[in-house]
Structure formats: C-alpha cells, structure tokens
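K.L.:
start24.pdb is the file, holding PDB, C-alpha atoms and all ligand atoms:
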```
ATOM      1  CA  MET A   1       0.000   0.000   0.000
ATOM      2  CA  LEU A   2       1.393   3.374  -1.059
ATOM      3  CA  ILE A   3       0.096   6.586   0.547
ATOM      4  CA  ALA A   4       0.940  10.008  -0.910
ATOM      5  CA  GLN A   5       0.860  12.860   1.606
ATOM      6  CA  LEU A   6       0.392  16.407   0.369
ATOM      7  CA  THR A   7       0.226  19.200   2.903
ATOM      8  CA  ASP A   8      -0.145  22.953   3.222
ATOM      9  CA  LEU A   9      -1.283  23.560  -0.340
ATOM     10  CA  HIS A  10      -2.649  27.037   0.523
ATOM     11  CA  ILE A  11      -4.717  27.463  -2.628
ATOM     12  CA  GLY A  12      -6.086  30.998  -2.731
ATOM     13  CA  PRO A  13      -8.154  33.120  -5.042
ATOM     14  CA  PRO A  14      -5.938  34.601  -7.829
ATOM     15  CA  GLU A  15      -5.735  37.993  -6.091
ATOM     16  CA  ASP A  16      -4.602  36.475  -2.790
ATOM     17  CA  LYS A  17      -1.200  37.593  -1.481
ATOM     18  CA  VAL A  18      -0.033  34.022  -0.867
ATOM     19  CA  GLU A  19      -1.020  33.006  -4.410
ATOM     20  CA  ARG A  20       0.792  36.003  -5.906
ATOM     21  CA  LEU A  21       3.942  35.716  -3.786
ATOM     22  CA  TYR A  22       4.314  31.945  -3.611
ATOM     23  CA  GLY A  23       2.395  30.656  -6.640
ATOM     24  CA  THR A  24       0.651  28.005  -4.576
ATOM     25  CA  SER A  25      -1.740  26.851  -7.335
ATOM     26  CA  GLU A  26       1.095  26.408  -9.841
ATOM     27  CA  ALA A  27       3.052  24.568  -7.169
ATOM     28  CA  LEU A  28       0.159  22.184  -6.576
ATOM     29  CA  GLY A  29      -0.084  21.638 -10.338
ATOM     30  CA  ARG A  30       3.557  20.499 -10.275
ATOM     31  CA  ALA A  31       2.922  18.234  -7.257
ATOM     32  CA  VAL A  32      -0.043  16.647  -9.030
ATOM     33  CA  GLY A  33       2.070  16.122 -12.166
ATOM     34  CA  HIS A  34       4.736  14.512  -9.992
ATOM     35  CA  LEU A  35       2.190  12.000  -8.675
ATOM     36  CA  VAL A  36       0.622  11.366 -12.088
ATOM     37  CA  ALA A  37       4.101  10.378 -13.322
ATOM     38  CA  LEU A  38       4.786   8.135 -10.333
ATOM     39  CA  ALA A  39       4.896   4.361 -10.770
ATOM     40  CA  PRO A  40       3.176   2.647  -9.165
ATOM     41  CA  ARG A  41       0.263   4.973  -8.681
ATOM     42  CA  PRO A  42      -0.432   5.784  -5.004
ATOM     43  CA  ASP A  43      -3.345   3.810  -3.552
ATOM     44  CA  CYS A  44      -4.607   6.830  -1.662
ATOM     45  CA  LEU A  45      -3.908  10.471  -1.069
ATOM     46  CA  ILE A  46      -3.859  12.187   2.314
ATOM     47  CA  LEU A  47      -4.126  15.970   2.579
ATOM     48  CA  THR A  48      -3.003  17.081   6.031
ATOM     49  CA  GLY A  49      -4.526  20.530   6.228
ATOM     50  CA  ASP A  50      -4.226  24.109   5.031
ATOM     51  CA  LEU A  51      -5.678  22.985   1.749
ATOM     52  CA  VAL A  52      -6.727  26.554   0.980
ATOM     53  CA  GLU A  53      -5.715  29.987   2.225
ATOM     54  CA  ARG A  54      -8.958  31.636   3.365
ATOM     55  CA  GLY A  55     -11.501  28.815   3.513
ATOM     56  CA  SER A  56     -13.875  30.004   0.789
ATOM     57  CA  ALA A  57     -15.947  27.690  -1.411
ATOM     58  CA  VAL A  58     -14.286  29.274  -4.467
ATOM     59  CA  GLU A  59     -10.858  28.213  -3.234
ATOM     60  CA  TYR A  60     -12.031  24.638  -2.588
ATOM     61  CA  GLY A  61     -13.420  24.632  -6.137
ATOM     62  CA  ARG A  62      -9.990  25.635  -7.482
ATOM     63  CA  LEU A  63      -8.393  22.957  -5.321
ATOM     64  CA  ARG A  64     -10.666  20.230  -6.691
ATOM     65  CA  GLN A  65      -9.893  21.368 -10.249
ATOM     66  CA  LEU A  66      -6.172  21.180  -9.582
ATOM     67  CA  LEU A  67      -6.536  17.711  -8.023
ATOM     68  CA  ALA A  68      -8.714  16.462 -10.921
ATOM     69  CA  PRO A  69      -5.926  14.368 -12.560
ATOM     70  CA  LEU A  70      -5.836  12.351  -9.302
ATOM     71  CA  ALA A  71      -9.630  12.104  -8.961
ATOM     72  CA  ALA A  72      -9.588   8.305  -9.305
ATOM     73  CA  ILE A  73      -7.443   7.986  -6.166
ATOM     74  CA  PRO A  74      -9.311   7.901  -2.824
ATOM     75  CA  THR A  75      -8.508  11.138  -1.009
ATOM     76  CA  TYR A  76      -8.665  11.727   2.741
ATOM     77  CA  ALA A  77      -8.455  15.345   3.900
ATOM     78  CA  ILE A  78      -8.342  17.047   7.288
ATOM     79  CA  PRO A  79      -8.603  20.751   8.087
ATOM     80  CA  GLY A  80      -5.721  22.981   9.119
ATOM     81  CA  ASN A  81      -5.917  26.416  10.654
ATOM     82  CA  HIS A  82      -6.627  28.023   7.244
ATOM     83  CA  ASP A  83      -9.484  25.681   6.334
ATOM     84  CA  HIS A  84     -13.233  25.993   6.779
ATOM     85  CA  ARG A  85     -14.770  22.751   7.969
ATOM     86  CA  ALA A  86     -18.154  23.061   6.263
ATOM     87  CA  ASN A  87     -16.694  24.218   2.939
ATOM     88  CA  LEU A  88     -14.077  21.455   3.061
ATOM     89  CA  LYS A  89     -16.796  18.861   3.613
ATOM     90  CA  THR A  90     -18.865  20.274   0.757
ATOM     91  CA  ALA A  91     -15.853  20.051  -1.571
ATOM     92  CA  PHE A  92     -14.978  16.523  -0.390
ATOM     93  CA  PRO A  93     -18.304  14.644  -0.016
ATOM     94  CA  GLU A  94     -16.371  11.443   0.695
ATOM     95  CA  VAL A  95     -14.853  13.158   3.754
ATOM     96  CA  ALA A  96     -18.256  14.511   4.815
ATOM     97  CA  ALA A  97     -19.746  11.015   4.598
ATOM     98  CA  ARG A  98     -17.043   9.607   6.876
ATOM     99  CA  ALA A  99     -16.899  12.503   9.350
ATOM    100  CA  GLY A 100     -20.689  12.771   9.692
ATOM    101  CA  ALA A 101     -22.513  15.800  11.009
ATOM    102  CA  GLY A 102     -20.470  16.303  14.203
ATOM    103  CA  PRO A 103     -18.563  19.492  14.913
ATOM    104  CA  PHE A 104     -15.143  18.020  13.999
ATOM    105  CA  VAL A 105     -13.710  16.480  10.837
ATOM    106  CA  CYS A 106     -12.572  13.318  12.619
ATOM    107  CA  TYR A 107     -12.929   9.896  11.007
ATOM    108  CA  ALA A 108     -11.355   6.490  10.588
ATOM    109  CA  VAL A 109     -10.668   4.779   7.257
ATOM    110  CA  ASP A 110     -10.891   1.002   7.482
ATOM    111  CA  ASP A 111     -10.644   0.227   3.762
ATOM    112  CA  TRP A 112      -6.951  -0.759   3.769
ATOM    113  CA  GLU A 113      -4.657  -3.090   5.655
ATOM    114  CA  LEU A 114      -3.238   0.022   7.276
ATOM    115  CA  ARG A 115      -5.894   1.930   9.181
ATOM    116  CA  LEU A 116      -6.000   5.719   8.844
ATOM    117  CA  ILE A 117      -7.342   7.978  11.586
ATOM    118  CA  ALA A 118      -8.002  11.575  10.601
ATOM    119  CA  LEU A 119      -7.826  13.874  13.604
ATOM    120  CA  ASP A 120      -9.050  17.456  13.379
ATOM    121  CA  THR A 121      -6.855  19.851  15.421
ATOM    122  CA  GLN A 122      -8.485  23.075  14.240
ATOM    123  CA  VAL A 123      -9.588  25.954  16.447
ATOM    124  CA  PRO A 124     -11.744  28.032  14.062
ATOM    125  CA  GLY A 125     -10.304  31.474  13.389
ATOM    126  CA  GLU A 126      -7.024  30.795  15.206
ATOM    127  CA  ASP A 127      -3.582  29.638  14.111
ATOM    128  CA  ARG A 128      -3.083  27.404  17.132
ATOM    129  CA  GLY A 129      -4.364  23.848  17.273
ATOM    130  CA  ALA A 130      -6.216  22.016  20.018
ATOM    131  CA  LEU A 131      -7.322  18.539  20.958
ATOM    132  CA  CYS A 132     -10.209  19.106  23.330
ATOM    133  CA  PRO A 133     -11.441  16.359  25.710
ATOM    134  CA  GLU A 134     -14.123  15.400  23.170
ATOM    135  CA  ARG A 135     -11.628  14.787  20.354
ATOM    136  CA  LEU A 136      -9.175  13.020  22.671
ATOM    137  CA  ALA A 137     -11.933  10.711  23.943
ATOM    138  CA  TRP A 138     -12.986   9.989  20.343
ATOM    139  CA  LEU A 139      -9.379   9.100  19.452
ATOM    140  CA  ASP A 140      -8.998   6.814  22.473
ATOM    141  CA  ARG A 141     -12.299   5.052  21.682
ATOM    142  CA  THR A 142     -11.521   4.728  17.986
ATOM    143  CA  LEU A 143      -8.071   3.261  18.652
ATOM    144  CA  ALA A 144      -9.512   0.872  21.258
ATOM    145  CA  ALA A 145     -11.992  -0.466  18.674
ATOM    146  CA  ARG A 146      -9.242  -2.067  16.521
ATOM    147  CA  PRO A 147      -6.246  -2.710  18.769
ATOM    148  CA  ARG A 148      -4.488  -5.096  16.395
ATOM    149  CA  THR A 149      -4.733  -3.131  13.146
ATOM    150  CA  PRO A 150      -1.630  -1.068  12.330
ATOM    151  CA  THR A 151      -2.692   2.556  12.233
ATOM    152  CA  VAL A 152      -1.484   5.953  11.026
ATOM    153  CA  VAL A 153      -2.853   9.128  12.636
ATOM    154  CA  LEU A 154      -3.186  12.212  10.401
ATOM    155  CA  MET A 155      -3.283  15.660  11.971
ATOM    156  CA  HIS A 156      -2.411  19.185  10.855
ATOM    157  CA  HIS A 157      -0.694  20.637  13.940
ATOM    158  CA  PRO A 158       2.295  18.578  15.126
ATOM    159  CA  PRO A 159       1.846  17.240  18.661
ATOM    160  CA  PHE A 160       5.333  18.343  19.743
ATOM    161  CA  ARG A 161       7.361  21.521  20.080
ATOM    162  CA  THR A 162       9.418  22.011  16.928
ATOM    163  CA  GLY A 163      12.341  23.996  18.362
ATOM    164  CA  ILE A 164      11.404  26.802  15.930
ATOM    165  CA  ALA A 165      10.486  29.846  18.023
ATOM    166  CA  MET A 166       7.825  31.169  15.652
ATOM    167  CA  PHE A 167       5.841  27.918  15.820
ATOM    168  CA  ASP A 168       6.499  27.279  19.509
ATOM    169  CA  ALA A 169       5.408  30.758  20.636
ATOM    170  CA  PRO A 170       3.171  30.834  23.710
ATOM    171  CA  GLY A 171      -0.389  30.004  22.752
ATOM    172  CA  LEU A 172       0.574  28.498  19.372
ATOM    173  CA  THR A 173       1.502  24.936  20.314
ATOM    174  CA  LEU A 174      -1.052  22.151  20.262
ATOM    175  CA  GLU A 175      -3.323  22.161  23.283
ATOM    176  CA  GLY A 176      -3.917  18.640  24.588
ATOM    177  CA  ALA A 177      -0.585  17.280  23.271
ATOM    178  CA  ALA A 178       0.381  15.711  26.621
ATOM    179  CA  VAL A 179      -2.882  13.740  26.859
ATOM    180  CA  PHE A 180      -2.534  12.810  23.176
ATOM    181  CA  ALA A 181       0.920  11.329  23.932
ATOM    182  CA  ARG A 182      -0.515   9.289  26.804
ATOM    183  CA  ILE A 183      -3.266   7.937  24.545
ATOM    184  CA  LEU A 184      -0.718   6.885  21.910
ATOM    185  CA  ALA A 185       1.335   5.126  24.577
ATOM    186  CA  ARG A 186      -1.725   2.991  25.432
ATOM    187  CA  HIS A 187      -2.282   1.891  21.812
ATOM    188  CA  PRO A 188       0.840   0.219  20.452
ATOM    189  CA  GLN A 189      -0.755  -0.424  17.045
ATOM    190  CA  VAL A 190      -0.091   3.212  16.067
ATOM    191  CA  GLU A 191       2.773   3.115  13.574
ATOM    192  CA  ARG A 192       3.109   6.811  12.813
ATOM    193  CA  VAL A 193       1.680  10.277  13.268
ATOM    194  CA  VAL A 194       1.854  12.401  10.101
ATOM    195  CA  CYS A 195       1.409  16.173  10.215
ATOM    196  CA  GLY A 196       1.826  19.438   8.331
ATOM    197  CA  HIS A 197       1.564  23.103   9.374
ATOM    198  CA  VAL A 198       5.281  23.941   9.755
ATOM    199  CA  HIS A 199       6.287  23.825   6.047
ATOM    200  CA  ARG A 200       9.480  21.975   6.899
ATOM    201  CA  PRO A 201      10.698  18.379   7.177
ATOM    202  CA  ILE A 202      10.687  17.437  10.876
ATOM    203  CA  ALA A 203      10.727  14.146  12.772
ATOM    204  CA  ALA A 204      10.153  13.452  16.466
ATOM    205  CA  ARG A 205       8.779  10.777  18.762
ATOM    206  CA  ILE A 206       5.671  11.247  20.843
ATOM    207  CA  GLY A 207       4.081   8.703  23.160
ATOM    208  CA  GLY A 208       6.615   6.196  21.812
ATOM    209  CA  VAL A 209       5.411   6.732  18.228
ATOM    210  CA  PRO A 210       7.466   8.287  15.401
ATOM    211  CA  ALA A 211       5.886  11.508  14.168
ATOM    212  CA  SER A 212       6.724  13.484  11.039
ATOM    213  CA  VAL A 213       5.961  16.841   9.487
ATOM    214  CA  ALA A 214       5.960  16.925   5.686
ATOM    215  CA  PRO A 215       7.120  20.058   3.840
ATOM    216  CA  SER A 216       4.608  22.123   1.898
ATOM    217  CA  THR A 217       3.872  21.509  -1.773
ATOM    218  CA  ALA A 218       4.544  25.274  -2.184
ATOM    219  CA  HIS A 219       6.618  27.587   0.050
ATOM    220  CA  GLN A 220       8.678  26.515   3.062
ATOM    221  CA  TYR A 221       9.581  28.396   6.253
ATOM    222  CA  GLN A 222      13.195  29.146   7.064
ATOM    223  CA  LEU A 223      14.858  26.975   9.666
ATOM    224  CA  ALA A 224      15.131  29.829  12.160
ATOM    225  CA  PHE A 225      15.385  28.459  15.685
ATOM    226  CA  GLU A 226      15.118  32.014  16.991
ATOM    227  CA  GLY A 227      13.258  35.085  15.778
ATOM    228  CA  ARG A 228      11.001  35.224  12.772
ATOM    229  CA  ALA A 229      11.050  32.470  10.154
ATOM    230  CA  TYR A 230      10.367  33.915   6.679
ATOM    231  CA  ALA A 231       8.923  32.015   3.752
ATOM    232  CA  VAL A 232      11.653  30.647   1.480
ATOM    233  CA  ALA A 233      11.819  28.915  -1.890
ATOM    234  CA  GLU A 234      13.401  25.743  -0.573
ATOM    235  CA  PRO A 235      12.365  22.805  -2.762
ATOM    236  CA  PRO A 236       8.771  21.681  -2.369
ATOM    237  CA  SER A 237       8.202  18.006  -1.728
ATOM    238  CA  LEU A 238       5.665  15.409  -0.731
ATOM    239  CA  ASP A 239       5.880  12.313   1.415
ATOM    240  CA  LEU A 240       5.300   8.778   0.168
ATOM    241  CA  HIS A 241       4.491   6.276   2.905
ATOM    242  CA  LEU A 242       4.912   2.679   1.790
ATOM    243  CA  TRP A 243       3.378  -0.080   3.911
ATOM    244  CA  ARG A 244       5.123  -3.300   3.024
ATOM    245  CA  ASN A 245       5.578  -6.542   4.979
ATOM    246  CA  GLY A 246       4.470  -4.945   8.228
ATOM    247  CA  THR A 247       6.799  -1.940   8.036
ATOM    248  CA  LEU A 248       5.908   1.650   7.230
ATOM    249  CA  ILE A 249       8.692   3.111   5.099
ATOM    250  CA  SER A 250       8.534   6.843   4.407
ATOM    251  CA  HIS A 251      10.196   8.640   1.516
ATOM    252  CA  ARG A 252      10.406  12.367   0.921
ATOM    253  CA  SER A 253      10.071  13.025  -2.778
ATOM    254  CA  TYR A 254      11.261  16.413  -4.088
ATOM    255  CA  ILE A 255       9.103  18.023  -6.744
ATOM    256  CA  GLY A 256      11.023  19.405  -9.716
ATOM    257  CA  ALA A 257      13.399  18.535 -12.505
ATOM    258  CA  PHE A 258      16.763  17.418 -11.169
ATOM    259  CA  PRO A 259      19.627  16.508 -13.515
ATOM    260  CA  VAL A 260      20.836  12.919 -13.543
ATOM    261  CA  LEU A 261      24.555  13.062 -12.746
ATOM    262  CA  ASN A 262      25.760   9.719 -14.057
ATOM    263  CA  ALA A 263      23.824   9.424 -17.309
ATOM    264  CA  PRO A 264      25.734   7.443 -19.968
TER     265      PRO A 264
HETATM  266 FE    FE B 301      -1.192  25.497   9.264
END
```
Show this structure as structure tokens.

P.N.:
Amino acid sequence: MLIAQLTDLHIGPPEDKVERLYGTSEALGRAVGHLVALAPRPDCLILTGDLVERGSAVEYGRLRQLLAPLAAIPTYAIPGNHDHRANLKTAFPEVAARAGAGPFVCYAVDDWELRLIALDTQVPGEDRGALCPERLAWLDRTLAARPRTPTVVLMHHPPFRTGIAMFDAPGLTLEGAAVFARILARHPQVERVVCGHVHRPIAARIGGVPASVAPSTAHQYQLAFEGRAYAVAEPPSLDLHLWRNGTLISHRSYIGAFPVLNAP
C-alpha cells in the first residue's frame, strides 16, 4: 500500500497575497504532475490541512480542479488552521460522509490493511491547534476499537514543540498534546503520526510513536530556531508512505526537474 501525503497547499483566489507571492496553485499543479508520473500509482492520497488559504468555497473549487488528474485515487483530507470545515466537507463529499454531522472532521478509514485515523486539530479562526477532551476521547475510543490493526494518525498541527520559536510561541503549540501522547502510549498499534503546518521536514517521537511533518507543496519556512522564520523557496516536496511486509517506510520526494549526474 502506497500513501501520498500532500500538505499545506494554501490554494487561494488569484488575487490572494499568498497566491501572488508563492504561486501556490502552480506549485500544486507540479505536485499533481509529480504524482501522475509516479509508478506505481499511489493507492490513496492524504491531505493534512491548510488545503486553501482563506476557507472560501471558491478556493475549494480551485483545489478540486487542480486535483482532478488524481480524482480516481481515494482522497482523505483534514482541516488545518486556514481551512473551513463546512466548505471542506462540501468540496470533499467522501470526507463529509465519513466525518458525519459532528462538529469536527474526525474519522477512521478502514478500507486498507493500514488503518488511517483523521484527527481534526483546528480551532476556528485561530492559528493554534487544540485537541479538546471530546476529540481526545474519540481518538482513544476509535483506537480501542481495533487494537491489532496497524494505524497511522493524520493531523495538521504537530503534537510536539518544533524547536522553531515562531511555531512554539506561547499560545501556538497544540493544546492537549500531553494527553494525546498518553493515549498513543496505550495503543501500540499506532505506527506513525503524520502532520503538516510547519512547512518543513521534521521528525520526532511522541508517546513512543514516530511523528513526522511533511514540507509544503509550495513555500517553506526558514529553519530559524530564533526570531522570525520567513517564507523561502526551498524545494517543495511530498511524502510517500509505503506499507510493506508490516513496516511503514517513508520517503520524501522532491518536486522538480533534477539533472541525472551519471547518465551514460
Ligand atoms: Fe497550518
């Protein structure tokens, strides 16, 4: 089973500052082309939040158009701080059907040998993320329901401090992260936690489970441990998670044309 993870796509309306400065739609077009050319084709696509910039229905429409070449691939999306839950669900009816009518976009996918749990960390209108008691209880219950099925948890905000001051600022880290770690420690079937939000490649361990942040398909943030981290044109990439023979193997795949150095 091959899972392609795209994150922090930040599709905006054409006049949006992020679209103009960072070319996020063009960048997603290149990421989609990268996946169309991939062999074998990914079995599913996970979108770990900040799919659009402002949350409007128009932006989600643009996003779906850009993702159209991958429309045959089952796609599982979660909201980030820039998303709008209701508009996301309207644009992704398959997500709406799984998440139901509750206040959060939380759902499990049991269609594959690797189980996927989509965990909504959004606090509407704020950059910070939170796992409230309701979401934490849902996660604990959902994990307890299938204790022997290897599982990947998808979430936008990473459940650890990154070491980057701008993302670790007071009030910006994930509320509920300590309880989240204790829940993971009780459910050893969790193979990995995959996140976005930081626009950088990061790895850590939480509750005994490896966790990763995938870079953005568009702009990245400088590795500035102190002070402000500015957006930079470091290479965009996506993550490919391969589940084979009981091991989850993750590759970071850079998007772009890179010269072959030892061509005959
Ligand atoms: Fe974000």

K.L.:
From the options A:Leu66, A:Thr24, A:Trp112, A:Trp243, which residue's atoms come nearest to Glu191 in chain A, counting all atoms listed in the file?

P.N.:
A:Trp243

K.L.:
If the PyMOL selection byres (((chain A and resi 69) around 12) and not hetatm) is run on the structure shown, which residues does it catch, given as a list in words?

P.N.:
Leu28, Gly29, Arg30, Ala31, Val32, Gly33, His34, Leu35, Val36, Ala37, Arg41, Leu63, Arg64, Gln65, Leu66, Leu67, Ala68, Leu70, Ala71, Ala72 and Ile73 of chain A

K.L.:
Would you mind listing the residues within 7 Å of ligand FE 301 (chain B), counting only C-alpha atoms and all ligand atoms, as a PyMOL selection string?

P.N.:
chain A and resi 8+49-50+80-82+127+156-157+196-198

K.L.:
Mind dumping the selected residues with C-alpha atoms as a PDB file, in the coordinates of the input?

P.N.:
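So selection01.pdb came out as:
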```pdb
ATOM      1  CA  ASP A   8      -0.145  22.953   3.222  1.00  0.00           C
ATOM      2  CA  GLY A  49      -4.526  20.530   6.228  1.00  0.00           C
ATOM      3  CA  ASP A  50      -4.226  24.109   5.031  1.00  0.00           C
ATOM      4  CA  GLY A  80      -5.721  22.981   9.119  1.00  0.00           C
ATOM      5  CA  ASN A  81      -5.917  26.416  10.654  1.00  0.00           C
ATOM      6  CA  HIS A  82      -6.627  28.023   7.244  1.00  0.00           C
ATOM      7  CA  ASP A 127      -3.582  29.638  14.111  1.00  0.00           C
ATOM      8  CA  HIS A 156      -2.411  19.185  10.855  1.00  0.00           C
ATOM      9  CA  HIS A 157      -0.694  20.637  13.940  1.00  0.00           C
ATOM     10  CA  GLY A 196       1.826  19.438   8.331  1.00  0.00           C
ATOM     11  CA  HIS A 197       1.564  23.103   9.374  1.00  0.00           C
ATOM     12  CA  VAL A 198       5.281  23.941   9.755  1.00  0.00           C
TER      13      VAL A 198
END
```

K.L.:
Got a sec to resolve the PyMOL selection byres (((chain A and resi 154) around 9) and not hetatm) on this structure and send the residues as an MDAnalysis selection string?

P.N.:
chainID A and resid 46:48 77:78 116:120 152:153 155:156 192:195

K.L.:
Which residue is closest to Pro147 in chain A? Choose from A:Leu2, A:Met166, A:Leu114, A:Val190 and count only C-alpha atoms.

P.N.:
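For Pro147 in chain A, the nearest of the candidates is A:Val190.
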
K.L.:
Skip Gln220 in chain A itself and residues of its chain fewer than 3 positions away, then list as a ChimeraX atom specification all residues within 10 Å of it, counting all atoms listed in the file.

P.N.:
/A:8,22,198-201,215-217,223,229-237

K.L.:
What's around His251 in chain A at 7 Å? Count only C-alpha atoms, leave out sequence neighbours fewer than 5 positions away in its own chain, and write the answer as a list in words.

P.N.:
Asp239, Leu240 and His241 of chain A

K.L.:
Just write the chosen residues, C-alpha atoms, as a short mmCIF file (atom, residue, chain, number, x, y, z; two decimals), in the frame of the given file.

P.N.:
```cif
data_model
loop_
_atom_site.label_atom_id
_atom_site.label_comp_id
_atom_site.auth_asym_id
_atom_site.auth_seq_id
_atom_site.Cartn_x
_atom_site.Cartn_y
_atom_site.Cartn_z
CA ASP A 239 5.88 12.31 1.42
CA LEU A 240 5.30 8.78 0.17
CA HIS A 241 4.49 6.28 2.90
#
```

K.L.:
Counting all atoms listed in the file, what is within 9 Å of Val95 in chain A, bar same-chain residues fewer than 4 positions away, as an NGL selection string?

P.N.:
:A and (75-78 or 88-91 or 99-100 or 105 or 107)

K.L.:
What does the file look like for those residues with C-alpha atoms, as a PDB file, in the coordinates of the input?

P.N.:
```pdb
ATOM      1  CA  THR A  75      -8.508  11.138  -1.009  1.00  0.00           C
ATOM      2  CA  TYR A  76      -8.665  11.727   2.741  1.00  0.00           C
ATOM      3  CA  ALA A  77      -8.455  15.345   3.900  1.00  0.00           C
ATOM      4  CA  ILE A  78      -8.342  17.047   7.288  1.00  0.00           C
ATOM      5  CA  LEU A  88     -14.077  21.455   3.061  1.00  0.00           C
ATOM      6  CA  LYS A  89     -16.796  18.861   3.613  1.00  0.00           C
ATOM      7  CA  THR A  90     -18.865  20.274   0.757  1.00  0.00           C
ATOM      8  CA  ALA A  91     -15.853  20.051  -1.571  1.00  0.00           C
ATOM      9  CA  ALA A  99     -16.899  12.503   9.350  1.00  0.00           C
ATOM     10  CA  GLY A 100     -20.689  12.771   9.692  1.00  0.00           C
ATOM     11  CA  VAL A 105     -13.710  16.480  10.837  1.00  0.00           C
ATOM     12  CA  TYR A 107     -12.929   9.896  11.007  1.00  0.00           C
TER      13      TYR A 107
END
```

K.L.:
For CA of Gly55 in chain A and CA of Asp83 in chain A, quote the distance in Å rounded to one decimal.

P.N.:
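It comes out at 4.7 Å.
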
K.L.:
Calculated over only C-alpha atoms, which of the candidates A:Ala203, A:Ala218, A:Ala39, A:Val209 has the smallest distance to Arg182 in chain A?

P.N.:
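Among the listed residues, A:Val209 lies closest to Arg182 in chain A.
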
K.L.:
Please produce, as CSV, a per-residue contact table for range 171-248 of chain A versus range 131-145 of chain A (criterion: any atom at most 12 Å away, all atoms listed in the file considered), showing the nearest atom pair and its distance in Å to one decimal, sorted by chain then residue number.

P.N.:
```
residue,atom,partner,partner_atom,distance
A:Thr173,CA,A:Leu131,CA,10.9
A:Leu174,CA,A:Leu131,CA,7.3
A:Glu175,CA,A:Leu131,CA,5.9
A:Gly176,CA,A:Leu131,CA,5.0
A:Ala177,CA,A:Leu131,CA,7.2
A:Ala178,CA,A:Leu131,CA,10.0
A:Val179,CA,A:Leu136,CA,7.6
A:Phe180,CA,A:Leu136,CA,6.7
A:Ala181,CA,A:Leu136,CA,10.3
A:Arg182,CA,A:Asp140,CA,9.8
A:Ile183,CA,A:Asp140,CA,6.2
A:Leu184,CA,A:Asp140,CA,8.3
A:Ala185,CA,A:Asp140,CA,10.7
A:Arg186,CA,A:Asp140,CA,8.7
A:His187,CA,A:Leu143,CA,6.7
A:Pro188,CA,A:Leu143,CA,9.6
A:Gln189,CA,A:Leu143,CA,8.3
A:Val190,CA,A:Leu143,CA,8.4
A:Glu191,CA,A:Leu143,CA,12.0
```

K.L.:
If you count all atoms listed in the file, which residues fall within 12 Å of Arg20 in chain A, apart from same-chain ones fewer than 5 positions away, as a list of chain:residue names?

P.N.:
A:His10, A:Ile11, A:Gly12, A:Pro13, A:Pro14, A:Glu15, A:Ser25, A:Glu26, A:Ala27, A:Ala218, A:His219
